[in-house]
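Participant: If it helps, the file is called work-v5.txt and holds compact mmCIF, C-alpha atoms:
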```
# COMPACT_ATOMS: atom_id res chain seq x y z
CA MET B 282 4.51 24.04 -18.03
CA THR B 283 5.00 24.13 -21.79
CA THR B 284 5.44 21.07 -23.90
CA THR B 285 9.05 21.96 -24.78
CA ALA B 286 9.97 22.23 -21.06
CA ARG B 287 8.74 18.75 -20.26
CA SER B 288 10.94 15.69 -20.55
CA ALA B 289 10.06 12.78 -22.82
CA PRO B 290 9.08 10.54 -19.87
CA ASP B 291 6.87 13.33 -18.50
CA ARG B 292 5.07 13.62 -21.82
CA LEU B 293 4.54 9.85 -22.08
CA LEU B 294 3.17 9.73 -18.54
CA ALA B 295 0.89 12.68 -19.31
CA VAL B 296 -0.64 10.71 -22.18
CA LEU B 297 -1.35 7.74 -19.92
CA ALA B 298 -2.64 10.00 -17.14
CA ALA B 299 -5.20 11.43 -19.56
CA PHE B 300 -7.19 8.20 -19.04
CA ASP B 301 -9.19 7.66 -15.86
CA HIS B 302 -12.44 6.03 -14.78
CA GLY B 303 -14.39 9.00 -16.07
CA HIS B 304 -12.52 9.01 -19.39
CA PRO B 305 -11.75 5.40 -20.41
CA ALA B 306 -11.98 6.13 -24.15
CA LEU B 307 -10.39 9.20 -25.71
CA SER B 308 -9.86 10.57 -29.19
CA LEU B 309 -6.44 11.86 -30.19
CA THR B 310 -7.73 15.41 -29.74
CA ASP B 311 -8.99 14.54 -26.26
CA ILE B 312 -5.61 13.09 -25.31
CA SER B 313 -3.81 16.16 -26.63
CA ARG B 314 -6.03 18.49 -24.60
CA ARG B 315 -6.06 16.48 -21.38
CA ALA B 316 -2.30 15.84 -21.50
CA GLY B 317 -1.46 19.45 -22.31
CA LEU B 318 0.39 18.50 -25.48
CA THR B 319 0.34 19.73 -29.03
CA LEU B 320 -1.60 17.54 -31.42
CA THR B 321 1.61 16.64 -33.26
CA THR B 322 3.37 15.55 -30.08
CA ALA B 323 0.32 13.63 -28.88
CA HIS B 324 0.06 11.84 -32.24
CA ARG B 325 3.69 10.73 -32.06
CA LEU B 326 3.52 9.52 -28.46
CA VAL B 327 0.16 7.81 -28.88
CA GLY B 328 1.52 6.01 -31.93
CA ALA B 329 4.51 4.73 -29.97
CA LEU B 330 2.38 3.64 -27.01
CA THR B 331 -0.10 1.91 -29.32
CA ALA B 332 2.67 0.05 -31.16
CA TRP B 333 4.03 -1.16 -27.79
CA GLY B 334 0.58 -2.21 -26.56
CA ALA B 335 0.08 0.35 -23.79
CA LEU B 336 -2.84 1.79 -25.76
CA GLU B 337 -5.33 0.24 -28.17
CA ARG B 338 -7.37 1.97 -30.89
CA ASP B 339 -10.91 0.81 -31.58
CA ALA B 340 -12.86 0.82 -34.85
CA ASP B 341 -14.26 4.30 -34.13
CA GLY B 342 -10.81 5.80 -33.68
CA PHE B 343 -10.93 6.08 -29.89
CA TYR B 344 -8.02 4.97 -27.74
CA HIS B 345 -8.22 2.75 -24.64
CA VAL B 346 -5.67 1.50 -22.13
CA GLY B 347 -4.03 -1.59 -23.63
CA LEU B 348 -3.56 -5.08 -22.28
CA ARG B 349 0.22 -4.62 -22.09
CA LEU B 350 -0.32 -2.35 -19.07
CA TRP B 351 -2.57 -4.99 -17.51
CA GLU B 352 0.24 -7.51 -17.89
CA LEU B 353 2.64 -5.16 -16.10
CA ALA B 354 0.10 -4.37 -13.39
CA ALA B 355 -0.17 -8.09 -12.67
CA LEU B 356 3.44 -7.96 -11.45
CA ALA B 357 2.74 -5.29 -8.82
CA PRO B 358 3.03 -6.87 -5.34
CA ARG B 359 0.35 -4.50 -4.01
CA GLY B 360 -1.98 -5.01 -6.96
CA LEU B 361 -3.09 -8.16 -8.74
CA ALA B 362 -0.55 -10.33 -6.96
CA LEU B 363 -1.96 -9.32 -3.56
CA ARG B 364 -5.49 -9.71 -4.89
CA GLN B 365 -4.83 -13.29 -5.99
CA ILE B 366 -3.49 -14.23 -2.56
CA ALA B 367 -6.36 -12.52 -0.75
CA LEU B 368 -9.25 -13.61 -2.97
CA PRO B 369 -10.06 -16.95 -1.24
CA TYR B 370 -10.34 -15.16 2.11
CA LEU B 371 -12.41 -12.36 0.60
CA GLU B 372 -14.76 -14.94 -0.87
CA ASP B 373 -15.10 -16.61 2.54
CA LEU B 374 -15.92 -13.24 4.10
CA TYR B 375 -18.50 -12.62 1.42
CA GLU B 376 -20.10 -16.04 1.93
CA SER B 377 -20.39 -15.39 5.67
CA THR B 378 -21.97 -11.94 5.25
CA HIS B 379 -23.37 -11.63 1.69
CA GLU B 380 -22.42 -7.96 1.86
CA ASN B 381 -19.87 -5.80 0.04
CA VAL B 382 -16.33 -7.00 0.68
CA GLN B 383 -13.33 -4.82 -0.16
CA LEU B 384 -9.54 -5.01 -0.22
CA ALA B 385 -7.49 -1.83 -0.39
CA VAL B 386 -3.96 -0.45 -0.11
CA ARG B 387 -2.62 3.02 0.68
CA ASP B 388 -1.16 5.26 -2.01
CA GLY B 389 -0.05 8.54 -0.50
CA ALA B 390 -2.99 10.20 1.26
CA GLU B 391 -5.53 7.99 -0.49
CA VAL B 392 -6.82 4.46 -0.32
CA VAL B 393 -6.93 2.48 -3.58
CA TYR B 394 -9.35 -0.44 -3.92
CA ILE B 395 -7.80 -3.48 -5.59
CA GLU B 396 -10.73 -5.88 -5.12
CA TRP B 397 -14.45 -5.60 -4.46
CA LEU B 398 -17.06 -8.34 -4.14
CA SER B 399 -20.70 -7.28 -4.08
CA GLY B 400 -23.95 -9.11 -3.48
CA ARG B 401 -27.12 -8.31 -5.38
CA SER B 402 -28.91 -7.05 -2.28
CA ALA B 403 -25.88 -5.38 -0.68
CA VAL B 404 -25.91 -1.68 0.14
CA GLY B 405 -24.86 0.54 -2.73
CA VAL B 406 -21.37 2.03 -2.42
CA HIS B 407 -19.30 4.39 -4.57
CA ILE B 408 -16.52 1.85 -4.96
CA ARG B 409 -14.97 0.04 -7.89
CA VAL B 410 -11.61 -1.59 -8.46
CA GLY B 411 -9.08 1.20 -8.92
CA ALA B 412 -11.21 3.80 -7.12
CA ARG B 413 -9.51 6.23 -4.75
CA TRP B 414 -10.83 7.91 -1.60
CA PRO B 415 -9.19 9.95 1.14
CA LEU B 416 -7.94 7.78 3.98
CA HIS B 417 -10.10 9.37 6.69
CA ALA B 418 -13.39 8.77 4.87
CA THR B 419 -13.39 4.95 4.69
CA GLY B 420 -13.02 2.01 7.03
CA VAL B 421 -10.09 0.55 5.13
CA GLY B 422 -8.50 3.98 5.04
CA LEU B 423 -8.77 4.38 8.81
CA ALA B 424 -7.32 0.90 9.33
CA LEU B 425 -4.35 1.82 7.14
CA LEU B 426 -3.84 5.32 8.50
CA ALA B 427 -3.93 4.12 12.11
CA HIS B 428 -0.83 2.01 11.51
CA GLU B 429 1.24 4.58 9.65
CA ALA B 430 4.17 6.43 11.20
CA PRO B 431 3.16 9.07 13.78
CA GLY B 432 4.60 11.86 11.65
CA PHE B 433 2.54 10.83 8.62
CA GLN B 434 -0.59 10.60 10.77
CA GLU B 435 -0.03 14.05 12.23
CA ASP B 436 0.51 15.61 8.83
CA TYR B 437 -2.62 13.94 7.53
CA CYS B 438 -4.77 14.97 10.51
CA ALA B 439 -3.63 18.56 10.02
CA GLY B 440 -5.80 18.55 6.92
CA PRO B 441 -7.49 19.61 4.88
CA LEU B 442 -10.01 16.81 5.49
CA ALA B 443 -12.68 16.57 2.79
CA ALA B 444 -16.31 16.05 3.83
CA PHE B 445 -18.72 13.84 1.85
CA THR B 446 -21.60 13.67 4.34
CA PRO B 447 -22.41 15.57 7.56
CA TYR B 448 -20.85 12.63 9.43
CA THR B 449 -17.45 12.55 7.71
CA LEU B 450 -14.53 12.84 10.13
CA THR B 451 -13.21 16.33 9.42
CA ASP B 452 -12.17 17.39 12.92
CA PRO B 453 -8.48 16.59 13.54
CA ALA B 454 -9.01 15.82 17.22
CA ARG B 455 -11.84 13.39 16.48
CA LEU B 456 -9.80 11.74 13.76
CA ARG B 457 -6.85 11.26 16.14
CA ARG B 458 -9.17 9.66 18.71
CA SER B 459 -10.61 7.37 16.02
CA LEU B 460 -7.14 6.25 14.97
CA ALA B 461 -6.21 5.51 18.58
CA GLU B 462 -9.38 3.42 18.90
CA VAL B 463 -8.46 1.47 15.76
CA ARG B 464 -5.05 0.65 17.24
CA ARG B 465 -6.64 -0.36 20.55
CA THR B 466 -9.34 -2.63 19.11
CA GLY B 467 -7.66 -3.83 15.91
CA VAL B 468 -10.65 -2.83 13.76
CA ALA B 469 -11.98 0.36 12.21
CA VAL B 470 -15.70 1.15 12.19
CA SER B 471 -16.65 3.85 9.70
CA SER B 472 -20.29 4.95 9.72
CA ARG B 473 -21.91 7.19 7.09
CA GLN B 474 -18.61 8.73 6.04
CA VAL B 475 -19.02 8.60 2.26
CA THR B 476 -22.75 7.90 1.99
CA ASP B 477 -25.33 8.35 4.74
CA ASP B 478 -26.64 4.78 4.51
CA ALA B 479 -23.50 2.63 4.81
CA LEU B 480 -21.26 1.37 7.60
CA SER B 481 -17.99 -0.48 7.18
CA VAL B 482 -15.92 -2.64 9.49
CA ALA B 483 -12.27 -2.97 8.46
CA ALA B 484 -9.13 -4.68 9.73
CA PRO B 485 -5.46 -4.32 8.75
CA VAL B 486 -3.60 -6.95 6.75
CA ARG B 487 0.06 -7.49 7.64
CA GLY B 488 2.92 -8.63 5.47
CA ALA B 489 5.73 -11.02 6.34
CA ALA B 490 7.62 -8.38 8.35
CA GLY B 491 4.54 -7.55 10.41
CA LEU B 492 3.96 -4.16 8.80
CA VAL B 493 0.46 -3.29 7.61
CA ALA B 494 0.29 -3.81 3.85
CA ALA B 495 -3.44 -3.59 3.12
CA ALA B 496 -6.87 -3.56 4.74
CA VAL B 497 -10.00 -5.64 4.28
CA SER B 498 -13.55 -4.55 5.04
CA VAL B 499 -17.19 -5.43 4.83
CA VAL B 500 -19.77 -2.71 4.09
CA VAL B 501 -23.36 -3.08 5.29
CA PRO B 502 -26.49 -0.90 5.51
CA GLN B 503 -26.01 1.49 8.42
CA ALA B 504 -29.59 1.18 9.62
CA ASP B 505 -29.39 -2.50 10.57
CA ALA B 506 -25.64 -2.96 11.05
CA GLU B 507 -24.66 -5.46 13.74
CA VAL B 508 -21.05 -4.48 14.31
CA PRO B 509 -20.25 -7.05 17.04
CA ALA B 510 -21.29 -9.84 14.68
CA LEU B 511 -19.16 -8.50 11.82
CA VAL B 512 -15.93 -7.89 13.72
CA PRO B 513 -14.88 -11.57 14.13
CA ALA B 514 -15.49 -12.33 10.45
CA VAL B 515 -13.47 -9.33 9.26
CA ARG B 516 -10.65 -10.10 11.70
CA LEU B 517 -10.57 -13.72 10.53
CA ALA B 518 -10.30 -12.65 6.88
CA ALA B 519 -7.53 -10.16 7.65
CA ARG B 520 -5.63 -12.71 9.68
CA GLY B 521 -5.95 -15.34 6.95
CA ILE B 522 -4.63 -12.98 4.27
CA SER B 523 -1.81 -11.89 6.59
CA ARG B 524 -0.72 -15.49 7.16
CA ALA B 525 -0.89 -16.17 3.42
CA LEU B 526 1.46 -13.21 2.96
CA GLY B 527 3.92 -14.77 5.40
CA TRP B 528 2.99 -13.01 8.64
CA ARG B 529 3.62 -15.05 11.76
CA PRO B 530 2.33 -13.20 14.85
CA GLU B 531 4.43 -15.24 17.24
CA ARG B 532 7.55 -13.84 15.51
CA THR B 533 6.47 -10.29 14.68
CA ASP B 534 3.94 -9.05 17.23
CA ARG B 535 6.63 -7.89 19.62
CA ALA B 536 8.34 -5.92 16.88
CA VAL B 537 5.36 -3.91 15.59
```
Give the structure from this file in structure tokens form.
Facilitator:
Amino acid sequence: MTTTARSAPDRLLAVLAAFDHGHPALSLTDISRRAGLTLTTAHRLVGALTAWGALERDADGFYHVGLRLWELAALAPRGLALRQIALPYLEDLYESTHENVQLAVRDGAEVVYIEWLSGRSAVGVHIRVGARWPLHATGVGLALLAHEAPGFQEDYCAGPLAAFTPYTLTDPARLRRSLAEVRRTGVAVSSRQVTDDALSVAAPVRGAAGLVAAAVSVVVPQADAEVPALVPAVRLAARGISRALGWRPERTDRAV
């Protein structure tokens, strides 16, 4: 698509989309190239975004995402607001396990991590706040996918399903069975799906209406994982966050 065929909002969003975790600092030329804009157009839009506070320019001339966007993000009910409500329960889960603790929400076919607590000796994971992974490849993703509408699940299971290790769930039939098991037990166990040394136990978090709004998990070394000991702690954290969000099982369990 040429620059002239794109609307003004599309061009502004293209400038912001040029930034990601792999490219947190960009020159004007970088932004122009990554956004698919002429240098003149990029200069004008970057200037407007910088004046508003969406972007900031450092002493070396590189641009970064500005604090104004952080202020807006704080208003997102599935972002910082949810994180603030959940954080005390995540900290309790961390104190009881001293392992990686994560909170995530679904965005389309991906899971987005909005909080992550890590211990010094915890297993290494490829996770950071804002990171995205396919739903089928993580514990939190399985917990979220298992409670989506049947049509969405079927479309997702139809693939393609990316593989990250030899153990990643890429067979649609196996994935469907795993989702059924999550619904039956109330927890998702994901072993060696993204790395071959980690196992996660996840549970869904419900909002006031009883619908699943997020998922919480703990990630431990696969070699010495004691799943039965982790399940109660993860369930307790998920239930605590759900109640803090207004969920009352006595009123909603029959409706979900």
Participant: Would you mind listing what lies within 7 Å of stretch 445-451 of chain B as number ranges by chain, with all atoms listed in the file counted and same-chain residues fewer than 3 positions away left out?
Facilitator: B: 417-418, 442, 455-456, 473-477
Participant: I'd like the neighbourhood of B:Arg287 as a PyMOL selection string, where a residue qualifies if any of its atoms comes within 12 Å (using all atoms listed in the file), though same-chain residues fewer than 4 positions away should be ignored.
Facilitator: chain B and resi 282-283+291-295+316-318+322
Participant: Using only C-alpha atoms for the distances, tell me which of B:Leu297, B:Ile366, B:Ala469, B:Glu352 is nearest to B:Leu336.
Facilitator: B:Leu297
Participant: From (-14.0, -11.0, 7.1), in the file's coordinates, out to 9 Å: which residues are reached, counting all atoms listed in the file? Answer as a ChimeraX atom specification.
Facilitator: /B:370-375,377-378,382,482-484,497-499,511-520
Participant: Could you work out how far atom CA of B:Val346 lies from atom CA of B:Ala306, giving the answer in Å with one decimal?
Facilitator: 8.1 Å
Participant: When you count all atoms listed in the file, which of these residues is closest to B:Gly521: B:Leu368, B:Val493, B:Ala412, B:Val421?
Facilitator: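 Answer, going by the shortest atom-to-atom distance: B:Leu368.
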Participant: Considering all atoms listed in the file, can you say which of B:Ile395, B:Ala329, B:Ala385, B:Leu309 comes closest to B:Gly342?
Facilitator: B:Leu309
Participant: Could you tell me which of B:Ser308, B:Thr419, B:Gln434, B:Thr319 comes closest to B:Leu460 if we count all atoms listed in the file?
Facilitator: B:Gln434
Participant: In Å, with one decimal, what is the gap from atom CA of B:Leu353 to atom CA of B:Arg413?
Facilitator: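 Pair atom CA of B:Leu353 / atom CA of B:Arg413 returns 20.2 Å.
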Participant: Please compute the atom CA of B:Trp528-atom CA of B:Val463 distance, one decimal, in Å.
Facilitator: 19.8 Å
Participant: Nearest residue to B:Arg457 out of B:Ala444, B:Gly328, B:Asp436, B:Ala490, using all atoms listed in the file?
Facilitator: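 When distances to B:Arg457 are compared using all atoms listed in the file, the smallest one comes from B:Asp436.
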Participant: Identify which of the residues B:Pro453, B:Gly420, B:Pro441, B:Gly527 lies closest to B:Leu480, counting all atoms listed in the file when measuring atom-to-atom distances.
Facilitator: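 Going through B:Pro453, B:Gly420, B:Pro441, B:Gly527 one by one, the smallest distance to B:Leu480 is for B:Gly420.
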Participant: Could you pull out every residue with an atom within 12 Å of (-24.3, -2.4, 11.4), file coordinates, counting only C-alpha atoms, and send them as a ChimeraX atom specification?
Facilitator: /B:378,380,404,470-473,478-482,499-512
Participant: Output: stretch 315-332 of chain B of the preceding structure, restricted to N, CA, C and O atoms, written as a short mmCIF file (atom, residue, chain, number, x, y, z; two decimals), in the first residue's frame.
Facilitator:
```cif
data_model
loop_
_atom_site.label_atom_id
_atom_site.label_comp_id
_atom_site.auth_asym_id
_atom_site.auth_seq_id
_atom_site.Cartn_x
_atom_site.Cartn_y
_atom_site.Cartn_z
N ARG B 315 10.59 1.43 8.57
CA ARG B 315 9.77 0.40 9.19
C ARG B 315 8.27 0.69 9.06
O ARG B 315 7.46 -0.24 9.05
N ALA B 316 7.91 1.96 8.97
CA ALA B 316 6.51 2.33 8.82
C ALA B 316 6.06 2.38 7.37
O ALA B 316 4.86 2.50 7.10
N GLY B 317 7.00 2.29 6.45
CA GLY B 317 6.64 2.35 5.04
C GLY B 317 6.20 3.73 4.61
O GLY B 317 5.30 3.87 3.77
N LEU B 318 6.83 4.75 5.17
CA LEU B 318 6.46 6.13 4.87
C LEU B 318 7.63 6.88 4.26
O LEU B 318 8.80 6.52 4.48
N THR B 319 7.32 7.94 3.52
CA THR B 319 8.40 8.79 3.04
C THR B 319 9.03 9.50 4.23
O THR B 319 8.41 9.66 5.28
N LEU B 320 10.26 9.93 4.05
CA LEU B 320 10.95 10.60 5.14
C LEU B 320 10.22 11.89 5.54
O LEU B 320 10.14 12.21 6.73
N THR B 321 9.68 12.59 4.56
CA THR B 321 8.96 13.83 4.84
C THR B 321 7.72 13.57 5.69
O THR B 321 7.46 14.27 6.68
N THR B 322 6.96 12.54 5.30
CA THR B 322 5.75 12.21 6.04
C THR B 322 6.10 11.72 7.45
O THR B 322 5.46 12.12 8.44
N ALA B 323 7.12 10.89 7.55
CA ALA B 323 7.54 10.40 8.86
C ALA B 323 7.98 11.54 9.76
O ALA B 323 7.63 11.58 10.96
N HIS B 324 8.71 12.50 9.20
CA HIS B 324 9.18 13.66 9.98
C HIS B 324 7.99 14.44 10.53
O HIS B 324 7.97 14.83 11.71
N ARG B 325 6.97 14.65 9.71
CA ARG B 325 5.81 15.41 10.16
C ARG B 325 5.03 14.67 11.25
O ARG B 325 4.67 15.27 12.27
N LEU B 326 4.82 13.38 11.06
CA LEU B 326 4.05 12.62 12.04
C LEU B 326 4.82 12.41 13.34
O LEU B 326 4.25 12.51 14.43
N VAL B 327 6.10 12.16 13.22
CA VAL B 327 6.93 12.00 14.43
C VAL B 327 6.96 13.30 15.22
O VAL B 327 6.90 13.29 16.46
N GLY B 328 7.03 14.42 14.52
CA GLY B 328 7.01 15.71 15.21
C GLY B 328 5.72 15.91 15.99
O GLY B 328 5.73 16.36 17.14
N ALA B 329 4.59 15.55 15.37
CA ALA B 329 3.30 15.72 16.05
C ALA B 329 3.19 14.78 17.25
O ALA B 329 2.72 15.16 18.33
N LEU B 330 3.63 13.54 17.09
CA LEU B 330 3.56 12.58 18.18
C LEU B 330 4.50 12.96 19.32
O LEU B 330 4.19 12.75 20.49
N THR B 331 5.65 13.53 18.98
CA THR B 331 6.60 13.96 20.01
C THR B 331 6.05 15.16 20.78
O THR B 331 6.15 15.24 22.01
N ALA B 332 5.45 16.10 20.06
CA ALA B 332 4.87 17.27 20.73
C ALA B 332 3.75 16.86 21.68
O ALA B 332 3.57 17.47 22.74
#
```
